[in-house]
Structure formats: structure tokens, C-alpha cells
file model17.cif (mmCIF, N, CA and C atoms)
data_final
#
loop_
_atom_site.label_atom_id
_atom_site.label_comp_id
_atom_site.auth_asym_id
_atom_site.auth_seq_id
_atom_site.Cartn_x
_atom_site.Cartn_y
_atom_site.Cartn_z
N MET Z 26 119.03 78.93 111.98
CA MET Z 26 117.90 79.78 112.30
C MET Z 26 117.14 80.18 111.03
N LYS Z 27 117.86 80.43 109.94
CA LYS Z 27 117.24 80.83 108.69
C LYS Z 27 116.26 79.76 108.21
N ASP Z 28 116.67 78.49 108.26
CA ASP Z 28 115.81 77.40 107.81
C ASP Z 28 114.55 77.31 108.66
N TYR Z 29 114.68 77.51 109.97
CA TYR Z 29 113.52 77.47 110.84
C TYR Z 29 112.54 78.58 110.49
N ARG Z 30 113.05 79.78 110.24
CA ARG Z 30 112.16 80.91 109.89
C ARG Z 30 111.44 80.63 108.58
N ALA Z 31 112.16 80.08 107.60
CA ALA Z 31 111.54 79.77 106.31
C ALA Z 31 110.47 78.70 106.49
N PHE Z 32 110.78 77.66 107.27
CA PHE Z 32 109.80 76.61 107.52
C PHE Z 32 108.59 77.16 108.27
N SER Z 33 108.84 78.00 109.26
CA SER Z 33 107.76 78.58 110.05
C SER Z 33 106.85 79.44 109.19
N ALA Z 34 107.45 80.24 108.30
CA ALA Z 34 106.65 81.09 107.41
C ALA Z 34 105.82 80.24 106.46
N LEU Z 35 106.42 79.17 105.93
CA LEU Z 35 105.68 78.30 105.03
C LEU Z 35 104.56 77.59 105.78
N ALA Z 36 104.85 77.08 106.97
CA ALA Z 36 103.82 76.39 107.77
C ALA Z 36 102.67 77.33 108.08
N SER Z 37 102.98 78.56 108.40
CA SER Z 37 101.95 79.54 108.69
C SER Z 37 101.09 79.81 107.46
N ALA Z 38 101.73 79.95 106.32
CA ALA Z 38 100.99 80.20 105.09
C ALA Z 38 100.11 79.00 104.74
N LEU Z 39 100.66 77.80 104.93
CA LEU Z 39 99.91 76.60 104.59
C LEU Z 39 98.70 76.38 105.49
N SER Z 40 98.76 76.87 106.71
CA SER Z 40 97.67 76.64 107.64
C SER Z 40 96.36 77.25 107.16
N GLY Z 41 96.42 78.22 106.27
CA GLY Z 41 95.22 78.84 105.75
C GLY Z 41 94.61 78.09 104.58
N TYR Z 42 95.24 77.02 104.14
CA TYR Z 42 94.77 76.29 102.97
C TYR Z 42 94.30 74.91 103.37
N ARG Z 43 93.02 74.75 103.46
CA ARG Z 43 92.43 73.46 103.79
C ARG Z 43 91.95 72.81 102.49
N ASN Z 44 92.18 71.54 102.36
CA ASN Z 44 91.75 70.78 101.19
C ASN Z 44 92.31 71.33 99.88
N GLY Z 45 93.47 71.97 99.94
CA GLY Z 45 94.13 72.44 98.73
C GLY Z 45 93.48 73.64 98.08
N GLU Z 46 92.63 74.34 98.78
CA GLU Z 46 91.94 75.49 98.18
C GLU Z 46 92.93 76.61 97.90
N GLY Z 47 93.01 77.01 96.67
CA GLY Z 47 93.81 78.17 96.30
C GLY Z 47 95.25 77.87 95.94
N MET Z 48 95.99 77.21 96.78
CA MET Z 48 97.42 77.03 96.58
C MET Z 48 97.70 76.14 95.37
N LEU Z 49 98.78 76.50 94.65
CA LEU Z 49 99.21 75.72 93.50
C LEU Z 49 100.67 75.32 93.69
N ILE Z 50 101.00 74.11 93.31
CA ILE Z 50 102.37 73.61 93.40
C ILE Z 50 102.78 73.09 92.03
N ASN Z 51 103.96 73.51 91.59
CA ASN Z 51 104.54 73.00 90.34
C ASN Z 51 105.78 72.19 90.68
N SER Z 52 105.83 70.98 90.19
CA SER Z 52 107.03 70.15 90.27
C SER Z 52 107.49 69.96 88.82
N ILE Z 53 108.67 70.49 88.52
CA ILE Z 53 109.11 70.54 87.12
C ILE Z 53 110.53 70.03 87.01
N HIS Z 54 110.78 69.20 86.00
CA HIS Z 54 112.14 68.77 85.67
C HIS Z 54 112.46 69.27 84.27
N PHE Z 55 113.61 69.92 84.15
CA PHE Z 55 114.11 70.39 82.86
C PHE Z 55 115.42 69.68 82.55
N THR Z 56 115.58 69.28 81.31
CA THR Z 56 116.82 68.67 80.84
C THR Z 56 117.46 69.60 79.83
N PHE Z 57 118.78 69.78 79.96
CA PHE Z 57 119.54 70.65 79.08
C PHE Z 57 120.70 69.88 78.46
N ASP Z 58 121.25 70.43 77.41
CA ASP Z 58 122.47 69.89 76.83
C ASP Z 58 123.61 70.11 77.83
N GLU Z 59 124.54 69.19 77.85
CA GLU Z 59 125.67 69.27 78.78
C GLU Z 59 126.41 70.60 78.68
N LYS Z 60 126.57 71.11 77.47
CA LYS Z 60 127.31 72.35 77.27
C LYS Z 60 126.58 73.57 77.85
N ASP Z 61 125.27 73.47 78.07
CA ASP Z 61 124.49 74.60 78.58
C ASP Z 61 124.27 74.54 80.09
N ALA Z 62 124.54 73.41 80.72
CA ALA Z 62 124.14 73.19 82.11
C ALA Z 62 124.78 74.18 83.09
N VAL Z 63 126.04 74.52 82.91
CA VAL Z 63 126.70 75.45 83.84
C VAL Z 63 126.11 76.85 83.71
N ILE Z 64 125.90 77.29 82.50
CA ILE Z 64 125.29 78.61 82.27
C ILE Z 64 123.88 78.64 82.85
N VAL Z 65 123.12 77.60 82.58
CA VAL Z 65 121.74 77.51 83.07
C VAL Z 65 121.71 77.55 84.59
N GLU Z 66 122.62 76.84 85.25
CA GLU Z 66 122.64 76.83 86.71
C GLU Z 66 122.78 78.24 87.27
N ASN Z 67 123.65 79.03 86.70
CA ASN Z 67 123.84 80.41 87.19
C ASN Z 67 122.59 81.26 86.97
N VAL Z 68 121.95 81.11 85.84
CA VAL Z 68 120.73 81.86 85.56
C VAL Z 68 119.60 81.41 86.49
N LEU Z 69 119.50 80.10 86.73
CA LEU Z 69 118.44 79.60 87.61
C LEU Z 69 118.63 80.05 89.06
N ARG Z 70 119.86 80.22 89.48
CA ARG Z 70 120.10 80.77 90.83
C ARG Z 70 119.53 82.19 90.93
N GLU Z 71 119.78 82.99 89.90
CA GLU Z 71 119.26 84.36 89.89
C GLU Z 71 117.73 84.36 89.83
N LEU Z 72 117.16 83.48 89.01
CA LEU Z 72 115.70 83.37 88.92
C LEU Z 72 115.11 82.95 90.26
N ARG Z 73 115.72 81.96 90.91
CA ARG Z 73 115.25 81.50 92.22
C ARG Z 73 115.26 82.64 93.23
N ASP Z 74 116.36 83.36 93.30
CA ASP Z 74 116.47 84.43 94.28
C ASP Z 74 115.45 85.54 94.05
N ALA Z 75 115.22 85.92 92.79
CA ALA Z 75 114.24 86.96 92.47
C ALA Z 75 112.82 86.46 92.72
N SER Z 76 112.54 85.21 92.38
CA SER Z 76 111.20 84.65 92.54
C SER Z 76 110.80 84.54 94.00
N ARG Z 77 111.75 84.22 94.86
CA ARG Z 77 111.46 84.10 96.29
C ARG Z 77 111.02 85.42 96.91
N LYS Z 78 111.29 86.53 96.26
CA LYS Z 78 110.90 87.84 96.77
C LYS Z 78 109.48 88.24 96.38
N GLU Z 79 108.86 87.48 95.49
CA GLU Z 79 107.50 87.80 95.06
C GLU Z 79 106.52 87.53 96.21
N PRO Z 80 105.56 88.42 96.42
CA PRO Z 80 104.64 88.25 97.55
C PRO Z 80 103.79 86.99 97.50
N GLY Z 81 103.46 86.48 96.34
CA GLY Z 81 102.61 85.30 96.24
C GLY Z 81 103.36 83.99 96.17
N VAL Z 82 104.69 84.05 96.20
CA VAL Z 82 105.51 82.84 96.15
C VAL Z 82 105.78 82.38 97.57
N LEU Z 83 105.27 81.19 97.93
CA LEU Z 83 105.47 80.64 99.26
C LEU Z 83 106.75 79.82 99.35
N GLN Z 84 107.13 79.20 98.24
CA GLN Z 84 108.37 78.43 98.20
C GLN Z 84 108.83 78.35 96.75
N TYR Z 85 110.14 78.44 96.54
CA TYR Z 85 110.69 78.36 95.19
C TYR Z 85 112.09 77.77 95.30
N ASP Z 86 112.20 76.48 95.02
CA ASP Z 86 113.48 75.79 95.14
C ASP Z 86 113.88 75.21 93.79
N VAL Z 87 115.18 75.22 93.55
CA VAL Z 87 115.75 74.64 92.34
C VAL Z 87 116.89 73.73 92.76
N GLY Z 88 116.93 72.53 92.20
CA GLY Z 88 118.01 71.60 92.48
C GLY Z 88 118.57 71.03 91.20
N ARG Z 89 119.77 70.47 91.33
CA ARG Z 89 120.43 69.85 90.18
C ARG Z 89 120.67 68.38 90.50
N SER Z 90 120.36 67.52 89.58
CA SER Z 90 120.50 66.08 89.78
C SER Z 90 121.96 65.70 89.99
N THR Z 91 122.19 64.83 90.96
CA THR Z 91 123.54 64.32 91.19
C THR Z 91 123.86 63.18 90.22
N GLU Z 92 122.83 62.49 89.76
CA GLU Z 92 123.02 61.37 88.84
C GLU Z 92 123.07 61.81 87.39
N ASN Z 93 122.33 62.86 87.07
CA ASN Z 93 122.31 63.40 85.71
C ASN Z 93 122.40 64.91 85.81
N PRO Z 94 123.60 65.46 85.82
CA PRO Z 94 123.78 66.89 86.07
C PRO Z 94 123.19 67.82 85.00
N ASN Z 95 122.62 67.25 83.96
CA ASN Z 95 121.93 68.06 82.95
C ASN Z 95 120.47 68.29 83.30
N VAL Z 96 120.01 67.69 84.40
CA VAL Z 96 118.61 67.78 84.82
C VAL Z 96 118.51 68.67 86.06
N PHE Z 97 117.59 69.63 85.98
CA PHE Z 97 117.31 70.54 87.09
C PHE Z 97 115.86 70.35 87.51
N ALA Z 98 115.62 70.38 88.80
CA ALA Z 98 114.27 70.17 89.33
C ALA Z 98 113.81 71.43 90.05
N PHE Z 99 112.59 71.83 89.79
CA PHE Z 99 111.96 72.98 90.44
C PHE Z 99 110.86 72.48 91.35
N TRP Z 100 110.69 73.14 92.49
CA TRP Z 100 109.55 72.93 93.37
C TRP Z 100 109.04 74.32 93.71
N GLU Z 101 107.90 74.67 93.12
CA GLU Z 101 107.34 76.02 93.26
C GLU Z 101 106.00 75.94 93.96
N VAL Z 102 105.80 76.77 94.97
CA VAL Z 102 104.53 76.81 95.68
C VAL Z 102 104.02 78.25 95.62
N TYR Z 103 102.81 78.40 95.07
CA TYR Z 103 102.19 79.71 94.91
C TYR Z 103 100.94 79.82 95.77
N ARG Z 104 100.69 81.00 96.27
CA ARG Z 104 99.52 81.25 97.11
C ARG Z 104 98.23 80.90 96.37
N ASP Z 105 98.16 81.25 95.08
CA ASP Z 105 96.97 81.01 94.28
C ASP Z 105 97.31 81.25 92.81
N LYS Z 106 96.31 81.12 91.95
CA LYS Z 106 96.53 81.30 90.52
C LYS Z 106 96.98 82.72 90.19
N ASP Z 107 96.47 83.71 90.90
CA ASP Z 107 96.91 85.08 90.65
C ASP Z 107 98.41 85.24 90.91
N ALA Z 108 98.92 84.57 91.94
CA ALA Z 108 100.35 84.63 92.24
C ALA Z 108 101.16 83.96 91.14
N LEU Z 109 100.66 82.84 90.63
CA LEU Z 109 101.34 82.16 89.53
C LEU Z 109 101.35 83.04 88.28
N ASP Z 110 100.21 83.65 87.97
CA ASP Z 110 100.13 84.55 86.82
C ASP Z 110 101.08 85.73 86.98
N ALA Z 111 101.18 86.28 88.19
CA ALA Z 111 102.08 87.40 88.45
C ALA Z 111 103.54 86.97 88.26
N HIS Z 112 103.84 85.75 88.68
CA HIS Z 112 105.20 85.22 88.51
C HIS Z 112 105.54 85.13 87.02
N PHE Z 113 104.62 84.55 86.23
CA PHE Z 113 104.86 84.41 84.80
C PHE Z 113 105.01 85.77 84.12
N ALA Z 114 104.34 86.79 84.62
CA ALA Z 114 104.39 88.13 84.02
C ALA Z 114 105.56 88.96 84.52
N SER Z 115 106.26 88.50 85.57
CA SER Z 115 107.32 89.31 86.17
C SER Z 115 108.47 89.54 85.19
N GLU Z 116 109.13 90.67 85.38
CA GLU Z 116 110.27 91.03 84.53
C GLU Z 116 111.36 89.97 84.63
N HIS Z 117 111.66 89.53 85.84
CA HIS Z 117 112.76 88.57 85.99
C HIS Z 117 112.43 87.22 85.35
N PHE Z 118 111.17 86.77 85.41
CA PHE Z 118 110.80 85.51 84.77
C PHE Z 118 110.92 85.63 83.25
N GLN Z 119 110.42 86.72 82.71
CA GLN Z 119 110.50 86.93 81.27
C GLN Z 119 111.95 87.00 80.79
N ARG Z 120 112.76 87.75 81.50
CA ARG Z 120 114.16 87.95 81.11
C ARG Z 120 115.00 86.69 81.32
N LEU Z 121 114.88 86.09 82.50
CA LEU Z 121 115.75 84.98 82.84
C LEU Z 121 115.27 83.64 82.29
N PHE Z 122 113.97 83.39 82.40
CA PHE Z 122 113.48 82.09 81.94
C PHE Z 122 113.07 82.12 80.47
N VAL Z 123 112.12 82.98 80.14
CA VAL Z 123 111.58 82.98 78.77
C VAL Z 123 112.66 83.30 77.75
N ASP Z 124 113.45 84.34 78.01
CA ASP Z 124 114.44 84.77 77.02
C ASP Z 124 115.75 83.98 77.06
N THR Z 125 116.12 83.46 78.23
CA THR Z 125 117.45 82.84 78.38
C THR Z 125 117.40 81.33 78.53
N VAL Z 126 116.59 80.83 79.45
CA VAL Z 126 116.60 79.40 79.74
C VAL Z 126 115.73 78.60 78.79
N LYS Z 127 114.52 79.06 78.55
CA LYS Z 127 113.55 78.29 77.74
C LYS Z 127 114.11 77.85 76.38
N PRO Z 128 114.84 78.72 75.66
CA PRO Z 128 115.37 78.26 74.36
C PRO Z 128 116.37 77.10 74.48
N LEU Z 129 116.94 76.88 75.66
CA LEU Z 129 117.94 75.84 75.85
C LEU Z 129 117.35 74.52 76.35
N VAL Z 130 116.07 74.53 76.72
CA VAL Z 130 115.43 73.33 77.27
C VAL Z 130 115.30 72.25 76.19
N GLN Z 131 115.77 71.04 76.54
CA GLN Z 131 115.63 69.90 75.64
C GLN Z 131 114.40 69.08 75.98
N GLN Z 132 114.08 69.00 77.27
CA GLN Z 132 112.92 68.24 77.71
C GLN Z 132 112.35 68.90 78.96
N ARG Z 133 111.02 68.87 79.06
CA ARG Z 133 110.34 69.45 80.23
C ARG Z 133 109.26 68.49 80.69
N ASP Z 134 109.27 68.20 82.00
CA ASP Z 134 108.23 67.37 82.60
C ASP Z 134 107.62 68.17 83.74
N VAL Z 135 106.31 68.42 83.66
CA VAL Z 135 105.63 69.26 84.64
C VAL Z 135 104.50 68.48 85.29
N GLU Z 136 104.40 68.61 86.60
CA GLU Z 136 103.25 68.13 87.35
C GLU Z 136 102.72 69.31 88.15
N ARG Z 137 101.48 69.70 87.90
CA ARG Z 137 100.83 70.76 88.67
C ARG Z 137 99.91 70.07 89.67
N VAL Z 138 100.13 70.33 90.94
CA VAL Z 138 99.38 69.62 91.97
C VAL Z 138 98.84 70.63 92.99
N VAL Z 139 97.94 70.14 93.83
CA VAL Z 139 97.42 70.92 94.94
C VAL Z 139 97.65 70.11 96.21
N PRO Z 140 97.74 70.76 97.36
CA PRO Z 140 97.97 70.03 98.62
C PRO Z 140 96.80 69.09 98.92
N ILE Z 141 97.10 67.98 99.58
CA ILE Z 141 96.04 67.05 100.02
C ILE Z 141 96.05 66.96 101.53
#

call {"tool": "encode", "arguments": {"input": "model17.cif", "output": "C-alpha cells"}}
result
Amino acid sequence: MKDYRAFSALASALSGYRNGEGMLINSIHFTFDEKDAVIVENVLRELRDASRKEPGVLQYDVGRSTENPNVFAFWEVYRDKDALDAHFASEHFQRLFVDTVKPLVQQRDVERVVPI
């Protein structure tokens, strides 16, 4: 039931966005050193949970590669640029990502896209 409610909420939010107007999507892959991956996973879980509570965040998922466990993938969907800016300015993003995770990143690949 939880998955259906999440899907329904996302579908409802998406219905207001025609031709990708407003909404922003980030698809990001981060690579870490093997020794940091377990610590990073725990911090990213906390970041994910806090980010999902932000009013402008429509979806915020984090996964870990099964083939390369040092790689984590993010799929972030924001209502608009203001929501993305609010996310970047949030206390939890600054504390968990900027102060803790970012210094450990070895490689970052980002694609910023809009719905089609």
C-alpha cells in the first residue's frame, strides 16, 4: 500500500507539469573508495529520509550498485528550481552531504534533465 500511495502522489504531482515546465530531475552517480562505502551508505540513508520530507521534493531515491558497490546512484525529482535551491540550503544537506559525503567523493557524474 505504501508504494501505491507514493506512486499516486508522484503521479498527481507530475500531472501538473506539461512539457517539463518547472520540474527538475537529477540523475547522479557517485563513486567512493571501498573503505568509505559502508559509512557513506549510512549517511546517504539519513540524507534520503530527511530529503523526502522537504515540501518541494517529489522523489528522492538512492541506490547502490550490485556490480560495483563503491558506486551510489541518486534519482532526485524537484517541483522546480526553488525546491532544488531549498534542498541545497537545507541543514541536513549541508551537514550530511556537503560536510560528510562530498569530501569522500572520488568521481561524480550528473545529468540534469526535465520530463518529456

call {"tool": "closest_residue", "arguments": {"input": "model17.cif", "among": "Z:Gly47, Z:Trp100, Z:Arg137, Z:Asp61", "to": "Arg73 of chain Z", "atoms": "only C-alpha atoms"}}
result
Z:Trp100

call {"tool": "select_by_dssp", "arguments": {"input": "model17.cif", "residues": "segment 66-141 of chain Z", "states": "alpha helix (DSSP H)", "output": "list in words"}}
result
Glu66, Asn67, Val68, Leu69, Arg70, Glu71, Leu72, Arg73, Asp74, Ala75, Ser76, Lys106, Asp107, Ala108, Leu109, Asp110, Ala111, His112, Phe113, Ala114, Glu116 and His117 of chain Z

call {"tool": "select_by_dssp", "arguments": {"input": "model17.cif", "residues": "segment 73-127 of chain Z", "states": "strand (DSSP E)", "output": "list in words"}}
result
Val82, Leu83, Gln84, Tyr85, Asp86, Val87, Gly88, Arg89, Val96, Phe97, Ala98, Phe99, Trp100, Glu101, Val102 and Tyr103 of chain Z

call {"tool": "resolve_selection", "arguments": {"input": "model17.cif", "expression": "the PyMOL selection byres ((chain Z and resi 101) around 6.5)", "output": "PDB file with N, CA and C atoms, in the frame of the given file"}}
result
ATOM      1  N   LEU Z  49      98.780  76.500  94.650  1.00  0.00           N
ATOM      2  CA  LEU Z  49      99.210  75.720  93.500  1.00  0.00           C
ATOM      3  C   LEU Z  49     100.670  75.320  93.690  1.00  0.00           C
ATOM      4  N   ILE Z  50     101.000  74.110  93.310  1.00  0.00           N
ATOM      5  CA  ILE Z  50     102.370  73.610  93.400  1.00  0.00           C
ATOM      6  C   ILE Z  50     102.780  73.090  92.030  1.00  0.00           C
ATOM      7  N   ASN Z  51     103.960  73.510  91.590  1.00  0.00           N
ATOM      8  CA  ASN Z  51     104.540  73.000  90.340  1.00  0.00           C
ATOM      9  C   ASN Z  51     105.780  72.190  90.680  1.00  0.00           C
ATOM     10  N   SER Z  52     105.830  70.980  90.190  1.00  0.00           N
ATOM     11  CA  SER Z  52     107.030  70.150  90.270  1.00  0.00           C
ATOM     12  C   SER Z  52     107.490  69.960  88.820  1.00  0.00           C
ATOM     13  N   ILE Z  53     108.670  70.490  88.520  1.00  0.00           N
ATOM     14  CA  ILE Z  53     109.110  70.540  87.120  1.00  0.00           C
ATOM     15  C   ILE Z  53     110.530  70.030  87.010  1.00  0.00           C
ATOM     16  N   GLN Z  84     107.130  79.200  98.240  1.00  0.00           N
ATOM     17  CA  GLN Z  84     108.370  78.430  98.200  1.00  0.00           C
ATOM     18  C   GLN Z  84     108.830  78.350  96.750  1.00  0.00           C
ATOM     19  N   TYR Z  85     110.140  78.440  96.540  1.00  0.00           N
ATOM     20  CA  TYR Z  85     110.690  78.360  95.190  1.00  0.00           C
ATOM     21  C   TYR Z  85     112.090  77.770  95.300  1.00  0.00           C
ATOM     22  N   ASP Z  86     112.200  76.480  95.020  1.00  0.00           N
ATOM     23  CA  ASP Z  86     113.480  75.790  95.140  1.00  0.00           C
ATOM     24  C   ASP Z  86     113.880  75.210  93.790  1.00  0.00           C
ATOM     25  N   PHE Z  99     112.590  71.830  89.790  1.00  0.00           N
ATOM     26  CA  PHE Z  99     111.960  72.980  90.440  1.00  0.00           C
ATOM     27  C   PHE Z  99     110.860  72.480  91.350  1.00  0.00           C
ATOM     28  N   TRP Z 100     110.690  73.140  92.490  1.00  0.00           N
ATOM     29  CA  TRP Z 100     109.550  72.930  93.370  1.00  0.00           C
ATOM     30  C   TRP Z 100     109.040  74.320  93.710  1.00  0.00           C
ATOM     31  N   VAL Z 102     105.800  76.770  94.970  1.00  0.00           N
ATOM     32  CA  VAL Z 102     104.530  76.810  95.680  1.00  0.00           C
ATOM     33  C   VAL Z 102     104.020  78.250  95.620  1.00  0.00           C
ATOM     34  N   TYR Z 103     102.810  78.400  95.070  1.00  0.00           N
ATOM     35  CA  TYR Z 103     102.190  79.710  94.910  1.00  0.00           C
ATOM     36  C   TYR Z 103     100.940  79.820  95.770  1.00  0.00           C
TER      37      TYR Z 103
END

call {"tool": "residues_around", "arguments": {"input": "model17.cif", "residues": "Leu72 of chain Z", "least_positions_apart": "4", "cutoff": "7 Å", "atoms": "only N, CA and C atoms", "output": "PDB file with N, CA and C atoms, in the coordinates of the input"}}
result
ATOM      1  N   ASN Z  67     123.650  79.030  86.700  1.00  0.00           N
ATOM      2  CA  ASN Z  67     123.840  80.410  87.190  1.00  0.00           C
ATOM      3  C   ASN Z  67     122.590  81.260  86.970  1.00  0.00           C
ATOM      4  N   VAL Z  68     121.950  81.110  85.840  1.00  0.00           N
ATOM      5  CA  VAL Z  68     120.730  81.860  85.560  1.00  0.00           C
ATOM      6  C   VAL Z  68     119.600  81.410  86.490  1.00  0.00           C
ATOM      7  N   SER Z  76     112.540  85.210  92.380  1.00  0.00           N
ATOM      8  CA  SER Z  76     111.200  84.650  92.540  1.00  0.00           C
ATOM      9  C   SER Z  76     110.800  84.540  94.000  1.00  0.00           C
ATOM     10  N   ARG Z  77     111.750  84.220  94.860  1.00  0.00           N
ATOM     11  CA  ARG Z  77     111.460  84.100  96.290  1.00  0.00           C
ATOM     12  C   ARG Z  77     111.020  85.420  96.910  1.00  0.00           C
ATOM     13  N   HIS Z 117     111.660  89.530  85.840  1.00  0.00           N
ATOM     14  CA  HIS Z 117     112.760  88.570  85.990  1.00  0.00           C
ATOM     15  C   HIS Z 117     112.430  87.220  85.350  1.00  0.00           C
ATOM     16  N   PHE Z 118     111.170  86.770  85.410  1.00  0.00           N
ATOM     17  CA  PHE Z 118     110.800  85.510  84.770  1.00  0.00           C
ATOM     18  C   PHE Z 118     110.920  85.630  83.250  1.00  0.00           C
ATOM     19  N   LEU Z 121     114.880  86.090  82.500  1.00  0.00           N
ATOM     20  CA  LEU Z 121     115.750  84.980  82.840  1.00  0.00           C
ATOM     21  C   LEU Z 121     115.270  83.640  82.290  1.00  0.00           C
ATOM     22  N   PHE Z 122     113.970  83.390  82.400  1.00  0.00           N
ATOM     23  CA  PHE Z 122     113.480  82.090  81.940  1.00  0.00           C
ATOM     24  C   PHE Z 122     113.070  82.120  80.470  1.00  0.00           C
TER      25      PHE Z 122
END

call {"tool": "resolve_selection", "arguments": {"input": "model17.cif", "expression": "the PyMOL selection byres ((chain Z and resi 129-132) around 6.5)", "output": "list of chain:residue names"}}
result
Z:His54, Z:Phe55, Z:Thr56, Z:Phe57, Z:Asp58, Z:Thr125, Z:Val126, Z:Lys127, Z:Pro128, Z:Arg133, Z:Asp134

call {"tool": "atom_distance", "arguments": {"input": "model17.cif", "atom1": "atom C of Arg70 of chain Z", "atom2": "atom N of Asp110 of chain Z"}}
result
19.6 Å

call {"tool": "decode", "arguments": {"input": "model17.cif", "residues": "segment 99-111 of chain Z", "atoms": "N, CA and C atoms", "output": "PDB file, in the first residue's frame"}}
result
ATOM      1  N   PHE Z  99      21.748   8.338  -7.448  1.00  0.00           N
ATOM      2  CA  PHE Z  99      20.664   9.173  -6.939  1.00  0.00           C
ATOM      3  C   PHE Z  99      19.679   9.436  -8.070  1.00  0.00           C
ATOM      4  N   TRP Z 100      18.400   9.486  -7.735  1.00  0.00           N
ATOM      5  CA  TRP Z 100      17.354   9.931  -8.650  1.00  0.00           C
ATOM      6  C   TRP Z 100      16.524  10.917  -7.851  1.00  0.00           C
ATOM      7  N   GLU Z 101      16.672  12.199  -8.179  1.00  0.00           N
ATOM      8  CA  GLU Z 101      16.023  13.271  -7.427  1.00  0.00           C
ATOM      9  C   GLU Z 101      15.063  14.015  -8.337  1.00  0.00           C
ATOM     10  N   VAL Z 102      13.842  14.221  -7.864  1.00  0.00           N
ATOM     11  CA  VAL Z 102      12.852  14.964  -8.642  1.00  0.00           C
ATOM     12  C   VAL Z 102      12.367  16.120  -7.770  1.00  0.00           C
ATOM     13  N   TYR Z 103      12.531  17.334  -8.296  1.00  0.00           N
ATOM     14  CA  TYR Z 103      12.149  18.550  -7.579  1.00  0.00           C
ATOM     15  C   TYR Z 103      11.008  19.252  -8.303  1.00  0.00           C
ATOM     16  N   ARG Z 104      10.143  19.872  -7.543  1.00  0.00           N
ATOM     17  CA  ARG Z 104       8.997  20.592  -8.097  1.00  0.00           C
ATOM     18  C   ARG Z 104       9.458  21.682  -9.058  1.00  0.00           C
ATOM     19  N   ASP Z 105      10.535  22.394  -8.691  1.00  0.00           N
ATOM     20  CA  ASP Z 105      11.047  23.494  -9.506  1.00  0.00           C
ATOM     21  C   ASP Z 105      12.423  23.896  -8.985  1.00  0.00           C
ATOM     22  N   LYS Z 106      13.000  24.923  -9.588  1.00  0.00           N
ATOM     23  CA  LYS Z 106      14.333  25.367  -9.186  1.00  0.00           C
ATOM     24  C   LYS Z 106      14.344  25.871  -7.746  1.00  0.00           C
ATOM     25  N   ASP Z 107      13.279  26.511  -7.304  1.00  0.00           N
ATOM     26  CA  ASP Z 107      13.221  26.967  -5.914  1.00  0.00           C
ATOM     27  C   ASP Z 107      13.316  25.800  -4.944  1.00  0.00           C
ATOM     28  N   ALA Z 108      12.677  24.679  -5.279  1.00  0.00           N
ATOM     29  CA  ALA Z 108      12.743  23.487  -4.427  1.00  0.00           C
ATOM     30  C   ALA Z 108      14.162  22.919  -4.398  1.00  0.00           C
ATOM     31  N   LEU Z 109      14.825  22.929  -5.547  1.00  0.00           N
ATOM     32  CA  LEU Z 109      16.210  22.453  -5.598  1.00  0.00           C
ATOM     33  C   LEU Z 109      17.111  23.358  -4.771  1.00  0.00           C
ATOM     34  N   ASP Z 110      16.938  24.670  -4.913  1.00  0.00           N
ATOM     35  CA  ASP Z 110      17.731  25.616  -4.126  1.00  0.00           C
ATOM     36  C   ASP Z 110      17.485  25.434  -2.633  1.00  0.00           C
ATOM     37  N   ALA Z 111      16.229  25.196  -2.241  1.00  0.00           N
ATOM     38  CA  ALA Z 111      15.896  24.974  -0.830  1.00  0.00           C
ATOM     39  C   ALA Z 111      16.559  23.692  -0.325  1.00  0.00           C
TER      40      ALA Z 111
END
